[in-house]
There are 2 protein chains.
Amino acid sequence: MQILPPALDDLIEAFGLLPGVGPRTAERYAYYMVKHDQASANRLATALSALHGGIGYCEKTFALVPADQTISDLYSDPRRDKTIIAVVADTFDVVALEKTGQFKGTYHVLGGLVSPIDNITPEELHIPELMRRIDEDEVKEIILATNASVEGESTALYIQQQLGEREVLITRLARGLPIGVDLEYADQITLSRALTGRQTLDKGIS
Amino acid sequence: MQILPPALDDLIEAFGLLPGVGPRTAERYAYYMVKHDQASANRLATALSALHGGIGYCEKTFALVPADQTISDLYSDPRRDKTIIAVVADTFDVVALEKTGQFKGTYHVLGGLVSPIDNITPEELHIPELMRRIDEDEVKEIILATNASVEGESTALYIQQQLGEREVLITRLARGLPIGVDLEYADQITLSRALTGRQTLDKGIS
């Protein structure tokens, strides 16, 4: 016997495809849409339909750009220093770094991280394009801003090896205690990294 | 400066309307849609667009039904005992009770619970229709299957008062220890309810 209308079952199933959404959460989302008028459902439907037609990838940095653009504003802007590249795994990492308002260089989105388990080889990442940029833009520094995971570290290592004879400063984001976390609550790995990467005061800690 | 394409920003905002979805989760959902092909996005978009056109409310039980139906299968089925009504707040409570496979009566969906805070008065719930069903179907028992919250209890109390002189058996779902929970981990209220509602063994505990 059919307990719920097929239209609702379809929606629950479709919501269930989202990452981390189980049957209960999918039901909750679907039920929210039932309770609200068609306008709420239409808004999400329209945004979904327009998504792939409205986005593209920057030819230089591989960050997401509006479909009518080929180069990201974060690259074409003359105020951005093209000799410094922050290498990140995904577009949302660009958003996170941009929010700091501190970085005036450019980005390079790899489109993932080397991961044998997920079958992602270095060939699938935008590493050759990074090398080309390093040569063309006479890049002085690349900041390997990948996560401190096995995948992040091995991707960073792979890029380091690919750089070969190029005279580029390679840096990693600092690892250490996050602001607002007490020393006694920090995990061992973070604490040992904070210790290894300790800075002398006259080197300028703001 | 625009960091993300407007099409993606729109989608993140639309996902953010879902209950319990913050900016980070909305970003995660939107990013999932970016990574997958247009087909995934279209599937959810289609389900959303079809939702309100595909559902209706049962005229008797107020459960959700396919748009081309006026009476729920759970009421029209001759095997369902129309003299027993389980009164629930929402359609999904029907699903939960149906999954037990134990209940052979019919349902009545109130469409919410009395809640002064949320400005829901008894007049907005399907209580007059419930009274009509009790009279028309010569109902013998109504199971007040509302939650054990303040709203659930006060709604149950209100319905009890509305029944007036009608000779109907009123029951509540049993409160007690959930299966698989150790006595020592049960909260005080549950435990005191389990104690109050204790059952003599010969009354038949399976």
# chains A, B, ... in the order shown; residues from 1 in each chain; ligands from 1
>>> residues_around(residues="Arg43 in chain A", least_positions_apart="5", cutoff="10 Å", atoms="only C-alpha atoms", output="number ranges by chain")
A: 38, 48; B: 10-11, 13-15, 17, 45, 48-49
>>> write_last_selection(atoms="all heavy atoms", output="PDB file, in the first residue's frame")
ATOM      1  N   GLN A  38       4.310  26.640  -3.066  1.00  0.00           N
ATOM      2  CA  GLN A  38       5.062  26.226  -4.251  1.00  0.00           C
ATOM      3  C   GLN A  38       6.250  27.148  -4.520  1.00  0.00           C
ATOM      4  O   GLN A  38       7.248  26.708  -5.084  1.00  0.00           O
ATOM      5  CB  GLN A  38       4.118  26.177  -5.457  1.00  0.00           C
ATOM      6  CG  GLN A  38       4.738  25.738  -6.765  1.00  0.00           C
ATOM      7  CD  GLN A  38       5.106  24.259  -6.800  1.00  0.00           C
ATOM      8  OE1 GLN A  38       4.300  23.423  -6.430  1.00  0.00           O
ATOM      9  NE2 GLN A  38       6.318  23.943  -7.204  1.00  0.00           N
ATOM     10  N   LEU A  48      18.534  25.164  -9.141  1.00  0.00           N
ATOM     11  CA  LEU A  48      19.161  23.905  -9.555  1.00  0.00           C
ATOM     12  C   LEU A  48      19.241  23.804 -11.069  1.00  0.00           C
ATOM     13  O   LEU A  48      20.258  23.401 -11.629  1.00  0.00           O
ATOM     14  CB  LEU A  48      18.363  22.719  -9.003  1.00  0.00           C
ATOM     15  CG  LEU A  48      18.590  22.390  -7.528  1.00  0.00           C
ATOM     16  CD1 LEU A  48      17.476  21.500  -7.012  1.00  0.00           C
ATOM     17  CD2 LEU A  48      19.936  21.724  -7.328  1.00  0.00           C
TER      18      LEU A  48
ATOM     19  N   ASP B  10      23.150  31.702  -5.752  1.00  0.00           N
ATOM     20  CA  ASP B  10      21.696  31.533  -5.692  1.00  0.00           C
ATOM     21  C   ASP B  10      21.338  30.176  -5.116  1.00  0.00           C
ATOM     22  O   ASP B  10      20.434  30.052  -4.287  1.00  0.00           O
ATOM     23  CB  ASP B  10      21.081  31.630  -7.100  1.00  0.00           C
ATOM     24  CG  ASP B  10      21.084  33.057  -7.606  1.00  0.00           C
ATOM     25  OD1 ASP B  10      21.385  33.960  -6.810  1.00  0.00           O
ATOM     26  OD2 ASP B  10      20.781  33.268  -8.799  1.00  0.00           O
ATOM     27  N   LEU B  11      22.046  29.160  -5.592  1.00  0.00           N
ATOM     28  CA  LEU B  11      21.749  27.791  -5.154  1.00  0.00           C
ATOM     29  C   LEU B  11      22.062  27.617  -3.677  1.00  0.00           C
ATOM     30  O   LEU B  11      21.288  27.008  -2.929  1.00  0.00           O
ATOM     31  CB  LEU B  11      22.530  26.787  -6.006  1.00  0.00           C
ATOM     32  CG  LEU B  11      22.229  25.312  -5.724  1.00  0.00           C
ATOM     33  CD1 LEU B  11      20.759  24.998  -5.954  1.00  0.00           C
ATOM     34  CD2 LEU B  11      23.091  24.403  -6.578  1.00  0.00           C
ATOM     35  N   GLU B  13      22.037  29.903  -1.435  1.00  0.00           N
ATOM     36  CA  GLU B  13      21.005  30.623  -0.687  1.00  0.00           C
ATOM     37  C   GLU B  13      19.706  29.810  -0.627  1.00  0.00           C
ATOM     38  O   GLU B  13      19.061  29.734   0.414  1.00  0.00           O
ATOM     39  CB  GLU B  13      20.741  31.956  -1.365  1.00  0.00           C
ATOM     40  CG  GLU B  13      20.562  33.103  -0.392  1.00  0.00           C
ATOM     41  CD  GLU B  13      20.486  34.424  -1.143  1.00  0.00           C
ATOM     42  OE1 GLU B  13      21.552  34.943  -1.526  1.00  0.00           O
ATOM     43  OE2 GLU B  13      19.365  34.895  -1.368  1.00  0.00           O
ATOM     44  N   ALA B  14      19.339  29.189  -1.747  1.00  0.00           N
ATOM     45  CA  ALA B  14      18.092  28.408  -1.797  1.00  0.00           C
ATOM     46  C   ALA B  14      18.181  27.174  -0.899  1.00  0.00           C
ATOM     47  O   ALA B  14      17.223  26.845  -0.187  1.00  0.00           O
ATOM     48  CB  ALA B  14      17.779  27.996  -3.237  1.00  0.00           C
ATOM     49  N   PHE B  15      19.343  26.515  -0.890  1.00  0.00           N
ATOM     50  CA  PHE B  15      19.520  25.359   0.008  1.00  0.00           C
ATOM     51  C   PHE B  15      19.468  25.815   1.465  1.00  0.00           C
ATOM     52  O   PHE B  15      19.008  25.087   2.331  1.00  0.00           O
ATOM     53  CB  PHE B  15      20.853  24.663  -0.264  1.00  0.00           C
ATOM     54  CG  PHE B  15      20.794  23.584  -1.311  1.00  0.00           C
ATOM     55  CD1 PHE B  15      21.700  23.553  -2.356  1.00  0.00           C
ATOM     56  CD2 PHE B  15      19.828  22.584  -1.238  1.00  0.00           C
ATOM     57  CE1 PHE B  15      21.649  22.552  -3.319  1.00  0.00           C
ATOM     58  CE2 PHE B  15      19.763  21.578  -2.198  1.00  0.00           C
ATOM     59  CZ  PHE B  15      20.671  21.568  -3.240  1.00  0.00           C
ATOM     60  N   LEU B  17      17.557  27.731   2.852  1.00  0.00           N
ATOM     61  CA  LEU B  17      16.197  27.883   3.366  1.00  0.00           C
ATOM     62  C   LEU B  17      15.690  26.608   4.035  1.00  0.00           C
ATOM     63  O   LEU B  17      14.756  26.650   4.827  1.00  0.00           O
ATOM     64  CB  LEU B  17      15.231  28.250   2.224  1.00  0.00           C
ATOM     65  CG  LEU B  17      15.483  29.580   1.511  1.00  0.00           C
ATOM     66  CD1 LEU B  17      14.504  29.747   0.362  1.00  0.00           C
ATOM     67  CD2 LEU B  17      15.359  30.740   2.490  1.00  0.00           C
ATOM     68  N   ALA B  45      15.349  19.158  -9.129  1.00  0.00           N
ATOM     69  CA  ALA B  45      14.544  20.282  -9.624  1.00  0.00           C
ATOM     70  C   ALA B  45      13.169  19.804 -10.092  1.00  0.00           C
ATOM     71  O   ALA B  45      12.141  20.411  -9.775  1.00  0.00           O
ATOM     72  CB  ALA B  45      15.271  20.990 -10.764  1.00  0.00           C
ATOM     73  N   LEU B  48      10.965  18.800  -7.182  1.00  0.00           N
ATOM     74  CA  LEU B  48      10.481  19.984  -6.468  1.00  0.00           C
ATOM     75  C   LEU B  48       9.337  20.650  -7.227  1.00  0.00           C
ATOM     76  O   LEU B  48       8.326  21.041  -6.638  1.00  0.00           O
ATOM     77  CB  LEU B  48      11.623  20.985  -6.273  1.00  0.00           C
ATOM     78  CG  LEU B  48      12.613  20.670  -5.159  1.00  0.00           C
ATOM     79  CD1 LEU B  48      13.888  21.472  -5.338  1.00  0.00           C
ATOM     80  CD2 LEU B  48      11.997  20.953  -3.806  1.00  0.00           C
ATOM     81  N   SER B  49       9.506  20.768  -8.555  1.00  0.00           N
ATOM     82  CA  SER B  49       8.487  21.435  -9.359  1.00  0.00           C
ATOM     83  C   SER B  49       7.186  20.643  -9.360  1.00  0.00           C
ATOM     84  O   SER B  49       6.098  21.206  -9.408  1.00  0.00           O
ATOM     85  CB  SER B  49       8.971  21.603 -10.797  1.00  0.00           C
ATOM     86  OG  SER B  49      10.221  22.237 -10.818  1.00  0.00           O
TER      87      SER B  49
END
>>> closest_atom_pairs(of="chain A", to="chain B", cutoff="9 Å", atoms="only C-alpha atoms", output="CSV")
residue,atom,partner,partner_atom,distance
A:Met1,CA,B:Asp73,CA,7.4
A:Gln2,CA,B:Asp73,CA,7.4
A:Ile3,CA,B:Val95,CA,6.5
A:Leu4,CA,B:Leu64,CA,6.4
A:Pro5,CA,B:Pro66,CA,4.5
A:Pro6,CA,B:Pro66,CA,6.7
A:Ala7,CA,B:Gly54,CA,5.2
A:Leu8,CA,B:Leu51,CA,6.3
A:Asp10,CA,B:Ala47,CA,6.1
A:Leu11,CA,B:Ala47,CA,5.0
A:Ile12,CA,B:Ala47,CA,8.8
A:Glu13,CA,B:Leu44,CA,8.8
A:Ala14,CA,B:Leu44,CA,5.2
A:Phe15,CA,B:Leu44,CA,6.8
A:Leu17,CA,B:Ser40,CA,8.3
A:Leu18,CA,B:Tyr29,CA,6.1
A:Pro19,CA,B:Tyr29,CA,6.7
A:Glu27,CA,B:Phe92,CA,8.2
A:Arg28,CA,B:Pro19,CA,7.6
A:Tyr29,CA,B:Leu18,CA,6.1
A:Ala30,CA,B:Leu48,CA,8.7
A:Tyr31,CA,B:Phe92,CA,8.3
A:Tyr32,CA,B:Leu18,CA,7.1
A:Met33,CA,B:Leu48,CA,8.0
A:Val34,CA,B:His52,CA,7.0
A:Asp37,CA,B:His52,CA,7.9
A:Gln38,CA,B:His52,CA,6.1
A:Ser40,CA,B:Ala14,CA,8.3
A:Ala41,CA,B:Leu48,CA,5.3
A:Asn42,CA,B:Ser49,CA,5.9
A:Arg43,CA,B:Ala14,CA,6.6
A:Leu44,CA,B:Ala14,CA,5.2
A:Ala45,CA,B:Ala45,CA,4.0
A:Thr46,CA,B:Ala45,CA,7.0
A:Ala47,CA,B:Leu11,CA,5.0
A:Leu48,CA,B:Ala41,CA,5.4
A:Ser49,CA,B:Asn42,CA,5.9
A:Ala50,CA,B:Ala7,CA,6.6
A:Leu51,CA,B:Ala7,CA,5.4
A:His52,CA,B:Gln38,CA,6.1
A:Gly53,CA,B:Ala7,CA,8.3
A:Gly54,CA,B:Ala7,CA,5.2
A:Ile55,CA,B:Pro5,CA,6.2
A:Gly56,CA,B:Pro5,CA,8.4
A:Ala63,CA,B:Leu4,CA,8.5
A:Leu64,CA,B:Leu4,CA,6.4
A:Val65,CA,B:Pro5,CA,5.1
A:Pro66,CA,B:Pro5,CA,4.5
A:Ala67,CA,B:Pro5,CA,7.9
A:Ser72,CA,B:Ile3,CA,8.4
A:Asp73,CA,B:Gln2,CA,7.4
A:Leu74,CA,B:Ile3,CA,7.5
A:Thr91,CA,B:Leu4,CA,8.3
A:Phe92,CA,B:Glu27,CA,8.2
A:Val94,CA,B:Ile3,CA,8.0
A:Val95,CA,B:Ile3,CA,6.5
A:Glu98,CA,B:Ile3,CA,7.8
>>> select_by_dssp(residues="chain B", states="strand (DSSP E)", output="PyMOL selection string")
chain B and resi 55-57+64-66+81-88+105-109+141-144+169-172
>>> residues_around(residues="Ser115 in chain A", least_positions_apart="4", cutoff="6 Å", atoms="only C-alpha atoms", output="list in words")
Asn119, Ile120 and Glu151 of chain A
>>> write_last_selection(atoms="N, CA and C atoms", output="short mmCIF file (atom, residue, chain, number, x, y, z; two decimals), in the first residue's frame")
data_model
loop_
_atom_site.label_atom_id
_atom_site.label_comp_id
_atom_site.auth_asym_id
_atom_site.auth_seq_id
_atom_site.Cartn_x
_atom_site.Cartn_y
_atom_site.Cartn_z
N ASN A 119 40.77 6.75 -6.41
CA ASN A 119 41.21 6.60 -7.79
C ASN A 119 41.49 7.94 -8.48
N ILE A 120 42.00 8.90 -7.72
CA ILE A 120 42.36 10.19 -8.31
C ILE A 120 43.87 10.24 -8.45
N GLU A 151 46.06 12.84 1.77
CA GLU A 151 45.89 13.25 0.38
C GLU A 151 46.51 14.64 0.15
#
>>> residues_around(residues="Ala194 in chain A", least_positions_apart="2", cutoff="10 Å", atoms="only C-alpha atoms", output="VMD selection string")
chain A and resid 174 to 178 188 to 192 196 to 199
>>> write_last_selection(atoms="N, CA and C atoms", output="PDB file, in the first residue's frame")
ATOM      1  N   ALA A 174      50.692  27.711   7.857  1.00  0.00           N
ATOM      2  CA  ALA A 174      51.187  27.363   9.180  1.00  0.00           C
ATOM      3  C   ALA A 174      50.201  26.444   9.893  1.00  0.00           C
ATOM      4  N   ARG A 175      50.742  25.431  10.555  1.00  0.00           N
ATOM      5  CA  ARG A 175      49.925  24.561  11.410  1.00  0.00           C
ATOM      6  C   ARG A 175      50.231  24.937  12.849  1.00  0.00           C
ATOM      7  N   GLY A 176      49.249  24.958  13.667  1.00  0.00           N
ATOM      8  CA  GLY A 176      49.475  25.292  15.066  1.00  0.00           C
ATOM      9  C   GLY A 176      48.157  25.391  15.798  1.00  0.00           C
ATOM     10  N   LEU A 177      48.172  26.033  16.920  1.00  0.00           N
ATOM     11  CA  LEU A 177      46.971  26.145  17.742  1.00  0.00           C
ATOM     12  C   LEU A 177      46.004  27.140  17.111  1.00  0.00           C
ATOM     13  N   PRO A 178      44.761  26.756  16.904  1.00  0.00           N
ATOM     14  CA  PRO A 178      43.790  27.729  16.401  1.00  0.00           C
ATOM     15  C   PRO A 178      43.528  28.782  17.466  1.00  0.00           C
ATOM     16  N   GLN A 188      47.308  16.205  20.260  1.00  0.00           N
ATOM     17  CA  GLN A 188      48.764  16.008  20.272  1.00  0.00           C
ATOM     18  C   GLN A 188      49.432  16.427  18.976  1.00  0.00           C
ATOM     19  N   ILE A 189      48.817  16.055  17.845  1.00  0.00           N
ATOM     20  CA  ILE A 189      49.468  16.352  16.557  1.00  0.00           C
ATOM     21  C   ILE A 189      49.537  17.853  16.343  1.00  0.00           C
ATOM     22  N   THR A 190      48.419  18.552  16.626  1.00  0.00           N
ATOM     23  CA  THR A 190      48.406  20.004  16.481  1.00  0.00           C
ATOM     24  C   THR A 190      49.467  20.637  17.365  1.00  0.00           C
ATOM     25  N   LEU A 191      49.531  20.139  18.593  1.00  0.00           N
ATOM     26  CA  LEU A 191      50.468  20.708  19.561  1.00  0.00           C
ATOM     27  C   LEU A 191      51.914  20.456  19.130  1.00  0.00           C
ATOM     28  N   SER A 192      52.199  19.258  18.612  1.00  0.00           N
ATOM     29  CA  SER A 192      53.573  18.978  18.203  1.00  0.00           C
ATOM     30  C   SER A 192      53.940  19.796  16.961  1.00  0.00           C
ATOM     31  N   THR A 196      56.961  22.444  16.674  1.00  0.00           N
ATOM     32  CA  THR A 196      57.940  22.402  15.585  1.00  0.00           C
ATOM     33  C   THR A 196      57.987  23.739  14.845  1.00  0.00           C
ATOM     34  N   GLY A 197      56.822  24.320  14.632  1.00  0.00           N
ATOM     35  CA  GLY A 197      56.749  25.547  13.842  1.00  0.00           C
ATOM     36  C   GLY A 197      56.798  26.804  14.675  1.00  0.00           C
ATOM     37  N   ARG A 198      57.343  26.701  15.885  1.00  0.00           N
ATOM     38  CA  ARG A 198      57.346  27.843  16.802  1.00  0.00           C
ATOM     39  C   ARG A 198      58.117  29.011  16.190  1.00  0.00           C
ATOM     40  N   GLN A 199      57.680  30.223  16.501  1.00  0.00           N
ATOM     41  CA  GLN A 199      58.274  31.412  15.878  1.00  0.00           C
ATOM     42  C   GLN A 199      58.962  32.272  16.928  1.00  0.00           C
TER      43      GLN A 199
END
>>> closest_atom_pairs(of="range 72-129 of chain B", to="range 153-162 of chain B", cutoff="9 Å", atoms="only C-alpha atoms", output="tab-separated table")
residue	atom	partner	partner_atom	distance
B:Val87	CA	B:Ala156	CA	9.0
B:Leu113	CA	B:Thr155	CA	5.9
B:Val114	CA	B:Thr155	CA	5.4
B:Ser115	CA	B:Thr155	CA	8.4
B:Pro122	CA	B:Thr155	CA	7.6
B:Ile127	CA	B:Ile159	CA	7.2
B:Pro128	CA	B:Gln162	CA	8.8
>>> atom_distance(atom1="CA of Ile134 in chain A", atom2="CA of Leu173 in chain A")
19.2 Å
>>> select_by_dssp(residues="range 74-144 of chain A", states="helix (DSSP H, G or I)", output="list in words")
Leu74, Tyr75, Ser76, Thr91, Phe92, Asp93, Val94, Val95, Ala96, Leu97, Glu98, Lys99, Thr100, Pro122, Glu123, Glu124, Ile127, Pro128, Glu129, Leu130, Met131, Arg132, Arg133, Ile134, Asp135 and Glu136 of chain A
>>> atom_distance(atom1="CA of Val168 in chain A", atom2="CA of Ile142 in chain A")
7.0 Å
>>> closest_residue(among="B:His126, B:Ile117, B:Phe103, B:Pro23", to="Cys58 in chain B", atoms="only C-alpha atoms")
B:His126
